[in-house]
Each structure stands twice: as structure tokens, then as C-alpha cells.
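Undergrad: Attaching a single structure in C-alpha cells format; questions to follow.
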Amino acid sequence: MDTLNEPALPQSLDHARITPLPNGAFYISEFITEDEEKYILDKVASAPKPRWKQLSRRRLQTWPSDLISNKLVDAPLPPWLEQPIVTRLRSLRLGESADSESHIFSDSPHQRPNHVLINEYPAGIGIMPHKDGAAYHPVVCTVSLGANICLNIYETKADGTLNKAPIWRILQEPRSLLITTADLYTDYLHGIDDITEDTELSAQTIANWPLLRQASTFHDGRNPRQTRTSLTYRDVLNVSKLGSKIGLLFNQKK
């Protein structure tokens, strides 16, 4: 994998802030290179069959393992999920005035993501509105691979029921990074529509439109769906040290 031509990352997350959203949402359109994207997709595709969990309409992988009662067995991530993504995540300064050592996981228990969920979304397949839950530190870093997709953000009504119309929409491009934290993590739901094409895409409807790599790609307001793979990096709060005793049991076939 060629890592010589690294993408030009912002000096701090202040330059990646999605301003229409609550404080704590960031978008970087070119977080990894095309070569890195291809390398990671090849690794995902070549994972042994037991790594895949087949759901009704999509499939996923969990690294280094599934959670058991909201607890993770302590084991390292495989190198291809560690480099370059984790290193770059921890290199992103929070703000211009922030300490040079301060990054998005500085306040998490392990000061780094320790779990990756890989979801493969065929065209026309999404995921219902949901929250990520209490098992994780409230920082989610999602790297998108392969295709564009529109993420919907929902709020609940005063009576606790879901408002069916999304309050915001975020367009995620291949090789991009989306970070959601704080209130956006705890108070709002997110989901992806089961449609074959995203429509009505414009500066008026997409919250991160000014941050897109090439907004002109969507000049007609449309995005025909293709297979998209997401890597969701999070820090699981509770970790069992059993993993340190059994080595790389959950990290086989790197």
C-alpha cells in the first residue's frame, strides 16, 4: 500500500466542523487515499467467512470481536484497521487553540478506538434510525469506502416518538471521515433510507455541502446508490483483560 501521498488533512477540526449541526460534528472529505481505500476494501473482502455476520439484507464484521454484555475482550485491532486510520484520527487537533497533544479520543477511557464495526450496504439497503448506545464513549468516527451515501439525522418529539422526517442530512463520500460526538451522539438518532437513489441533494438540504470534495458531482441533486462499506471506529468503555491471556485469538487471519 502506497502511503507516501497522504491526504492533506485540516490543521484542526475547527476547519472540518459541520456548522448547521450541534457543536461536535465534523467532516473530512479526503481522509484516506484511493490506494488506501482499495487496500482496505481488499482486506475486508478477503476476511475469512466466519468473520462475516449475515443479516437479513446486509452483512457486517466486528473487530477485534463482538461485544458480550456491552463488554469487549481486550485484543488489538489488525494492522490494516490500525494504520493509517487510527494514527490519523489521533493526529487531528481539536482546535486551533487546543493543546497539540489533544485529539478526538483524548477524553475516552483508552484514548484511542478499540473497536471497529464494518458494514456493507448494497444499493437500496439502509439501516433504521437508531442510537449507538451506552457501551461506547460518545465519539463515533466513520470512514466511508466505495460509494456515496446520504445519512439522515432524526430527533424525537416531546412525547418521545420519532419524528419521521430527518432534521439534517449528511452526504458521505468515498474515503471521507465523519465524526459525531456529544449531543449529536446522545440526543439524536441516525439512519440510512432503503432507497436505490438519494435525491434532492443541494446546498439547502445537505448539512456538510460546503465541505464536500466535489459538490458539482451532485449538480442534478441525485446520487445513484452503489455498494458502500463503512468502518465505524469507537472506544468501548468496558474491556475484559481475558484477551491479554489468550493472545490474538480474536485477531486471527490479519
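Within each chain, counting starts at residue 1; across the C-alpha cells, chains are named A, B, ... in the order shown, with ligands numbered 1 upward in that order.
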Per DSSP on the backbone, what are the strand (DSSP E or B) residues of range 37-203 of chain A, as a PyMOL selection string?
TA: chain A and resi 53-54+59-63+68+71-73+115-121+127-130+136+139-145+149-154+156+162+168-172+177-181+189-192+197-198
Undergrad: As a compact mmCIF listing (two decimals) with N, CA, C and O atoms, in the first residue's frame, please: the residues near range 124-126 of chain A (cut-off 9 Å, only C-alpha atoms, same-chain neighbours under 6 positions excluded).
TA:
# COMPACT_ATOMS: atom_id res chain seq x y z
N ARG A 57 -30.52 -8.42 5.15
CA ARG A 57 -30.28 -7.78 3.85
C ARG A 57 -28.89 -7.20 3.69
O ARG A 57 -28.57 -6.63 2.65
N ARG A 58 -28.07 -7.30 4.69
CA ARG A 58 -26.70 -6.82 4.60
C ARG A 58 -25.83 -7.68 5.51
O ARG A 58 -26.33 -8.55 6.23
N GLY A 191 -29.80 7.22 10.63
CA GLY A 191 -30.22 6.09 9.83
C GLY A 191 -29.99 6.35 8.35
O GLY A 191 -29.65 7.47 7.94
N ILE A 192 -30.17 5.31 7.54
CA ILE A 192 -30.00 5.38 6.09
C ILE A 192 -31.24 4.81 5.44
O ILE A 192 -31.69 3.70 5.79
N ASP A 193 -31.82 5.54 4.50
CA ASP A 193 -33.04 5.09 3.83
C ASP A 193 -32.79 3.87 2.95
O ASP A 193 -31.72 3.72 2.35
N ASP A 194 -33.80 3.01 2.85
CA ASP A 194 -33.76 1.86 1.94
C ASP A 194 -34.20 2.32 0.55
O ASP A 194 -35.34 2.07 0.13
N ILE A 195 -33.30 3.00 -0.16
CA ILE A 195 -33.62 3.51 -1.49
C ILE A 195 -32.45 3.24 -2.43
O ILE A 195 -31.32 3.02 -1.97
N THR A 196 -32.72 3.24 -3.72
CA THR A 196 -31.67 2.99 -4.70
C THR A 196 -31.02 4.28 -5.20
O THR A 196 -30.03 4.23 -5.94
N GLU A 197 -31.59 5.42 -4.78
CA GLU A 197 -31.02 6.70 -5.21
C GLU A 197 -31.33 7.78 -4.18
O GLU A 197 -32.48 7.92 -3.74
N ARG A 225 -27.28 4.94 -5.86
CA ARG A 225 -26.56 4.14 -4.87
C ARG A 225 -25.75 3.02 -5.51
O ARG A 225 -26.17 2.40 -6.49
N GLN A 226 -24.59 2.76 -4.94
CA GLN A 226 -23.77 1.60 -5.24
C GLN A 226 -23.38 0.97 -3.90
O GLN A 226 -23.70 1.50 -2.84
N THR A 227 -22.70 -0.17 -3.95
CA THR A 227 -22.30 -0.81 -2.70
C THR A 227 -21.33 0.08 -1.94
O THR A 227 -20.31 0.51 -2.48
Undergrad: A:Thr232, A:Asn23, A:Ser102, A:Thr199: which is nearest Asp220 in chain A, counting only C-alpha atoms?
TA: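 For Asp220 in chain A, the nearest of the candidates is A:Thr199.
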Undergrad: Among range 19-208 of chain A, which ones does DSSP assign to helix (DSSP H, G or I) (computed from the backbone)? Answer as JSON, numbers by chain.
TA: {"A": [34, 35, 36, 37, 38, 39, 40, 41, 42, 43, 44, 45, 49, 50, 51, 79, 80, 81, 82, 85, 86, 87, 88, 89, 182, 183, 184, 185, 186]}
Undergrad: Write the residues you've just listed into a file as a compact mmCIF listing (two decimals), in the first residue's frame, and include C-alpha atoms for each of them.
TA:
# COMPACT_ATOMS: atom_id res chain seq x y z
CA GLU A 34 -7.56 5.87 -3.23
CA ASP A 35 -4.74 3.33 -2.81
CA GLU A 36 -5.52 3.02 0.91
CA GLU A 37 -9.23 2.65 0.16
CA LYS A 38 -8.54 -0.17 -2.29
CA TYR A 39 -6.16 -1.89 0.15
CA ILE A 40 -8.71 -1.82 2.98
CA LEU A 41 -11.57 -2.99 0.75
CA ASP A 42 -9.39 -5.90 -0.40
CA LYS A 43 -8.71 -6.81 3.24
CA VAL A 44 -12.42 -6.64 4.07
CA ALA A 45 -13.30 -8.85 1.10
CA LYS A 49 -16.11 -16.40 6.20
CA PRO A 50 -16.58 -16.76 9.99
CA ARG A 51 -15.77 -13.07 10.29
CA PRO A 79 -2.72 -3.69 11.35
CA TRP A 80 -4.85 -2.89 8.30
CA LEU A 81 -7.51 -1.29 10.54
CA GLU A 82 -4.89 0.41 12.72
CA ILE A 85 -6.68 5.39 10.14
CA VAL A 86 -6.15 5.28 13.93
CA THR A 87 -2.86 7.17 13.64
CA ARG A 88 -4.55 9.92 11.64
CA LEU A 89 -7.54 10.10 13.97
CA ALA A 182 -21.54 14.96 22.33
CA ASP A 183 -25.24 15.89 21.87
CA LEU A 184 -25.35 14.53 18.33
CA TYR A 185 -24.36 11.14 19.75
CA THR A 186 -26.57 11.12 22.84
Undergrad: Could you pull the residues within 8 Å of Leu145 in chain A, counting only C-alpha atoms, minus those fewer than 3 positions along the same chain, as an NGL selection string?
TA: :A and (37 or 41 or 173-176 or 228-231)
Undergrad: Please produce a file of those selected residues containing N, CA, C and O atoms, as a JSON list (two decimals), in the first residue's frame.
TA:
[["chain", "number", "residue", "atom", "x", "y", "z"],
["A", 37, "GLU", "N", -7.85, 3.14, 0.25],
["A", 37, "GLU", "CA", -9.23, 2.65, 0.16],
["A", 37, "GLU", "C", -9.26, 1.27, -0.49],
["A", 37, "GLU", "O", -9.93, 0.35, 0.03],
["A", 41, "LEU", "N", -10.45, -2.22, 1.32],
["A", 41, "LEU", "CA", -11.57, -2.99, 0.75],
["A", 41, "LEU", "C", -11.13, -4.41, 0.40],
["A", 41, "LEU", "O", -11.91, -5.36, 0.57],
["A", 173, "GLU", "N", -18.98, 10.80, 1.31],
["A", 173, "GLU", "CA", -18.30, 10.42, 0.08],
["A", 173, "GLU", "C", -17.29, 9.30, 0.34],
["A", 173, "GLU", "O", -16.85, 9.10, 1.48],
["A", 174, "PRO", "N", -16.90, 8.55, -0.71],
["A", 174, "PRO", "CA", -15.86, 7.55, -0.53],
["A", 174, "PRO", "C", -14.57, 8.20, -0.02],
["A", 174, "PRO", "O", -14.20, 9.29, -0.45],
["A", 175, "ARG", "N", -13.93, 7.55, 0.93],
["A", 175, "ARG", "CA", -12.65, 7.97, 1.52],
["A", 175, "ARG", "C", -12.83, 9.08, 2.55],
["A", 175, "ARG", "O", -11.86, 9.63, 3.06],
["A", 176, "SER", "N", -14.07, 9.44, 2.86],
["A", 176, "SER", "CA", -14.32, 10.52, 3.81],
["A", 176, "SER", "C", -14.37, 10.01, 5.24],
["A", 176, "SER", "O", -14.50, 8.82, 5.51],
["A", 228, "ARG", "N", -21.65, 0.35, -0.70],
["A", 228, "ARG", "CA", -20.83, 1.20, 0.15],
["A", 228, "ARG", "C", -20.47, 0.43, 1.42],
["A", 228, "ARG", "O", -21.29, -0.27, 2.00],
["A", 229, "THR", "N", -19.20, 0.55, 1.82],
["A", 229, "THR", "CA", -18.71, -0.10, 3.03],
["A", 229, "THR", "C", -18.32, 0.98, 4.02],
["A", 229, "THR", "O", -17.67, 1.96, 3.66],
["A", 230, "SER", "N", -18.72, 0.80, 5.27],
["A", 230, "SER", "CA", -18.36, 1.77, 6.31],
["A", 230, "SER", "C", -17.52, 1.10, 7.38],
["A", 230, "SER", "O", -17.74, -0.05, 7.74],
["A", 231, "LEU", "N", -16.54, 1.86, 7.88],
["A", 231, "LEU", "CA", -15.72, 1.44, 9.01],
["A", 231, "LEU", "C", -16.05, 2.38, 10.17],
["A", 231, "LEU", "O", -15.79, 3.57, 10.09]]
Undergrad: Using Å and a single decimal, report how far CA of Leu177 in chain A sits from CA of Asn152 in chain A.
TA: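 Computing the Euclidean distance for CA of Asn152 in chain A and CA of Leu177 in chain A yields 15.8 Å.
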Undergrad: What does the distance from CA of Lys164 in chain A to CA of Thr205 in chain A come to in Å, to one decimal?
TA: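 That distance, rounded to one decimal, is 16.1 Å.
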